[in-house]
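Student: Here's a structure for you.
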Amino acid sequence: MPAQSRSGKSAREAPGFPAGPSDARGEHTHGERPVPQPRPAVQRASVRGQILDALRTALVGGELAPGEVYSAPALGERFGVSATPVREAMQQLAQEGAVEVVPNRGFRVVERGARELAELAEIRALIEVPVMMRLARSVPAERWAAFRPLAEESVRAAATGCRATYAEADRAFHRAVLGLAGNEQLVQIAEDLHRRAVPLRGARADLMADAAEHAALLEALISGELDAVRTLVAGHFADAG
């Protein structure tokens with residue numbers, strides 16, 4: 001039998017001891033201190049997600065240079081976090097092909113070659129062009145007109161000359177347009193391809209030309225000019241390659 005405390009309660013019932021089998025059935029022992037709950041896992045996931053976003057921005061913006069090797073502890077110190085969320089975020093970037101693992105050293109930033117970028121652009125075109133044409137035939141002009149602020153934002157982002165800023169605005173435009181298809185898997189796949197296809201270098205003029213295509217495409221969609229839509233959207237991905 002369990003040892004009795006001075007109060008006559010068993011050791012299992014004494015304050016500070018973990019709940020026994022009876023408590024698991026919903027019974028309660030009066031006077032017990034509440035057992036501290038573990039920290040929600042979402043907090044760690046949130047940190048990892050923030051670090052992943054920060055690393056992506058640093059990659060596209062050129063702060064992390066192609067060919068250079070970066071260690072998780074050094075990057076963790078830079079971002080004010082432990083090495084663990086950095087390492088986990090870098091593993092995600094390795095899966096995306098943005099970095100490669102260098103054993104016992106860290107992660108090397110990969111610069112995508114012209115052929116790889118062209119292949120990614122071709123895949124994006126195969127996915128997005130048919131969807132865009134279907135939407136062009138079914139979505140009313142007023143729905144397309146509501147996207148003008150996104151197109152204008154991409155132009156402003158391009159004007160800054162910051163590739164990371166423009167990449168986010170460009171992704172937001174494509175995400176919103178494809179979202180009209182009502183297929184979340186399509187949006188996620190297209191966004192993943194977009195992240196992979198962003199070159200790490202490029203002139204401000206290239207960004208401005210790309211943003212101008214957004215505006216021209218949107219006007220063609222609003223006016224219902226299907227031939228112009230087909231030409232613009234196909235050219236948009238050809239230029240990206």
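Residues are named by chain letter and number: chains run A, B, ... in the order of the structure tokens, numbers start at 1 in each chain, and ligands are numbered from 1 in the order shown.
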Skip stretch 209-222 of chain A itself and residues of its chain fewer than 2 positions away, then list as a PDB file with C-alpha atoms, in the first residue's frame all residues within 8 Å of it, counting only C-alpha atoms.
Tutor:
ATOM      1  CA  ALA A 136      -8.949  34.963 -68.642  1.00  0.00           C
ATOM      2  CA  PRO A 140     -15.031  39.156 -65.014  1.00  0.00           C
ATOM      3  CA  ALA A 141     -13.201  42.418 -65.649  1.00  0.00           C
ATOM      4  CA  GLU A 142     -14.041  43.908 -62.251  1.00  0.00           C
ATOM      5  CA  TRP A 144      -9.133  41.670 -62.519  1.00  0.00           C
ATOM      6  CA  ALA A 145      -9.359  45.402 -61.862  1.00  0.00           C
ATOM      7  CA  PHE A 147      -5.553  43.468 -58.716  1.00  0.00           C
ATOM      8  CA  ARG A 148      -4.299  46.847 -59.937  1.00  0.00           C
ATOM      9  CA  ALA A 151       0.568  45.366 -60.024  1.00  0.00           C
ATOM     10  CA  GLU A 152       1.363  48.916 -58.924  1.00  0.00           C
ATOM     11  CA  SER A 154       5.343  45.403 -57.959  1.00  0.00           C
ATOM     12  CA  VAL A 155       6.334  48.459 -60.014  1.00  0.00           C
ATOM     13  CA  ALA A 158      11.091  47.143 -58.790  1.00  0.00           C
ATOM     14  CA  ASP A 170       6.148  39.536 -57.731  1.00  0.00           C
ATOM     15  CA  ALA A 205      16.135  47.627 -65.343  1.00  0.00           C
ATOM     16  CA  ASP A 206      15.330  43.899 -65.438  1.00  0.00           C
ATOM     17  CA  LEU A 207      13.050  44.256 -62.424  1.00  0.00           C
ATOM     18  CA  GLY A 224     -10.600  40.575 -72.347  1.00  0.00           C
ATOM     19  CA  GLU A 225      -7.950  40.541 -75.094  1.00  0.00           C
ATOM     20  CA  LEU A 226      -7.172  36.827 -75.020  1.00  0.00           C
ATOM     21  CA  ALA A 228      -2.630  39.625 -75.910  1.00  0.00           C
ATOM     22  CA  VAL A 229      -2.957  37.705 -72.653  1.00  0.00           C
ATOM     23  CA  LEU A 232       2.179  38.449 -72.542  1.00  0.00           C
ATOM     24  CA  VAL A 233       2.016  35.554 -70.124  1.00  0.00           C
ATOM     25  CA  HIS A 236       6.745  36.730 -69.100  1.00  0.00           C
TER      26      HIS A 236
END
Student: What's the 10 Å shell around A:Tyr70, counting only C-alpha atoms, without same-chain residues fewer than 4 positions away, as an NGL selection string?
Tutor: :A and (64-65 or 74-75 or 90 or 99 or 101-102 or 105-109)
Student: Identify, with DSSP run on backbone atoms, the residues in stretch 11-207 of chain A assigned to strand (DSSP E or B), and express the list as a short mmCIF file (atom, residue, chain, number, x, y, z; two decimals) with N, CA, C and O atoms, in the first residue's frame.
Tutor:
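What landed in part-v8.cif:
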data_model
loop_
_atom_site.label_atom_id
_atom_site.label_comp_id
_atom_site.auth_asym_id
_atom_site.auth_seq_id
_atom_site.Cartn_x
_atom_site.Cartn_y
_atom_site.Cartn_z
N VAL A 69 30.35 29.73 -47.70
CA VAL A 69 29.85 28.75 -46.73
C VAL A 69 29.52 29.48 -45.43
O VAL A 69 30.33 30.27 -44.93
N TYR A 70 28.34 29.21 -44.87
CA TYR A 70 27.90 29.83 -43.64
C TYR A 70 27.52 28.75 -42.64
O TYR A 70 26.85 27.78 -42.99
N VAL A 99 20.73 26.11 -51.13
CA VAL A 99 22.03 25.91 -50.50
C VAL A 99 22.35 24.42 -50.56
O VAL A 99 21.48 23.60 -50.84
N GLU A 100 23.61 24.08 -50.30
CA GLU A 100 24.00 22.69 -50.21
C GLU A 100 24.78 22.47 -48.93
O GLU A 100 25.48 23.38 -48.45
N VAL A 101 24.63 21.29 -48.35
CA VAL A 101 25.28 20.98 -47.08
C VAL A 101 26.77 20.72 -47.31
O VAL A 101 27.15 19.98 -48.22
N VAL A 102 27.59 21.35 -46.49
CA VAL A 102 29.03 21.10 -46.48
C VAL A 102 29.34 20.45 -45.14
O VAL A 102 29.30 21.12 -44.10
N GLY A 106 28.99 23.73 -42.66
CA GLY A 106 27.76 24.51 -42.71
C GLY A 106 27.05 24.33 -44.03
O GLY A 106 26.86 23.21 -44.50
N PHE A 107 26.69 25.46 -44.66
CA PHE A 107 25.90 25.42 -45.88
C PHE A 107 26.50 26.39 -46.90
O PHE A 107 26.79 27.54 -46.58
N ARG A 108 26.65 25.91 -48.12
CA ARG A 108 27.17 26.75 -49.20
C ARG A 108 26.00 27.26 -50.04
O ARG A 108 25.12 26.50 -50.44
N VAL A 109 26.01 28.56 -50.33
CA VAL A 109 24.97 29.17 -51.16
C VAL A 109 25.19 28.76 -52.61
O VAL A 109 26.30 28.89 -53.14
#
Student: Find the residue from A:Glu111, A:Glu88, A:Glu96, A:Glu168 that sits nearest to A:Glu68; use only C-alpha atoms when measuring.
Tutor: A:Glu111
Student: Restricting the calculation to only C-alpha atoms, which member of A:Ala164, A:Leu135, A:Ala159, A:Ile189 is positioned closest to A:Asp53?
Tutor: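 Among the listed residues, the smallest separation from A:Asp53 belongs to A:Ala164.
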Student: May I have all residues of stretch 29-195 of chain A that DSSP, computed from the backbone, assigns to helix (DSSP H, G or I), given as a ChimeraX atom specification?
Tutor: /A:41-61,72-79,83-95,114-138,141-145,148-160,163-179,184-195
Student: Given only C-alpha atoms as the basis, pick out the residue of A:Val86, A:Ala190, A:Ala146, A:Val198 nearest to A:Val129.
Tutor: A:Ala190
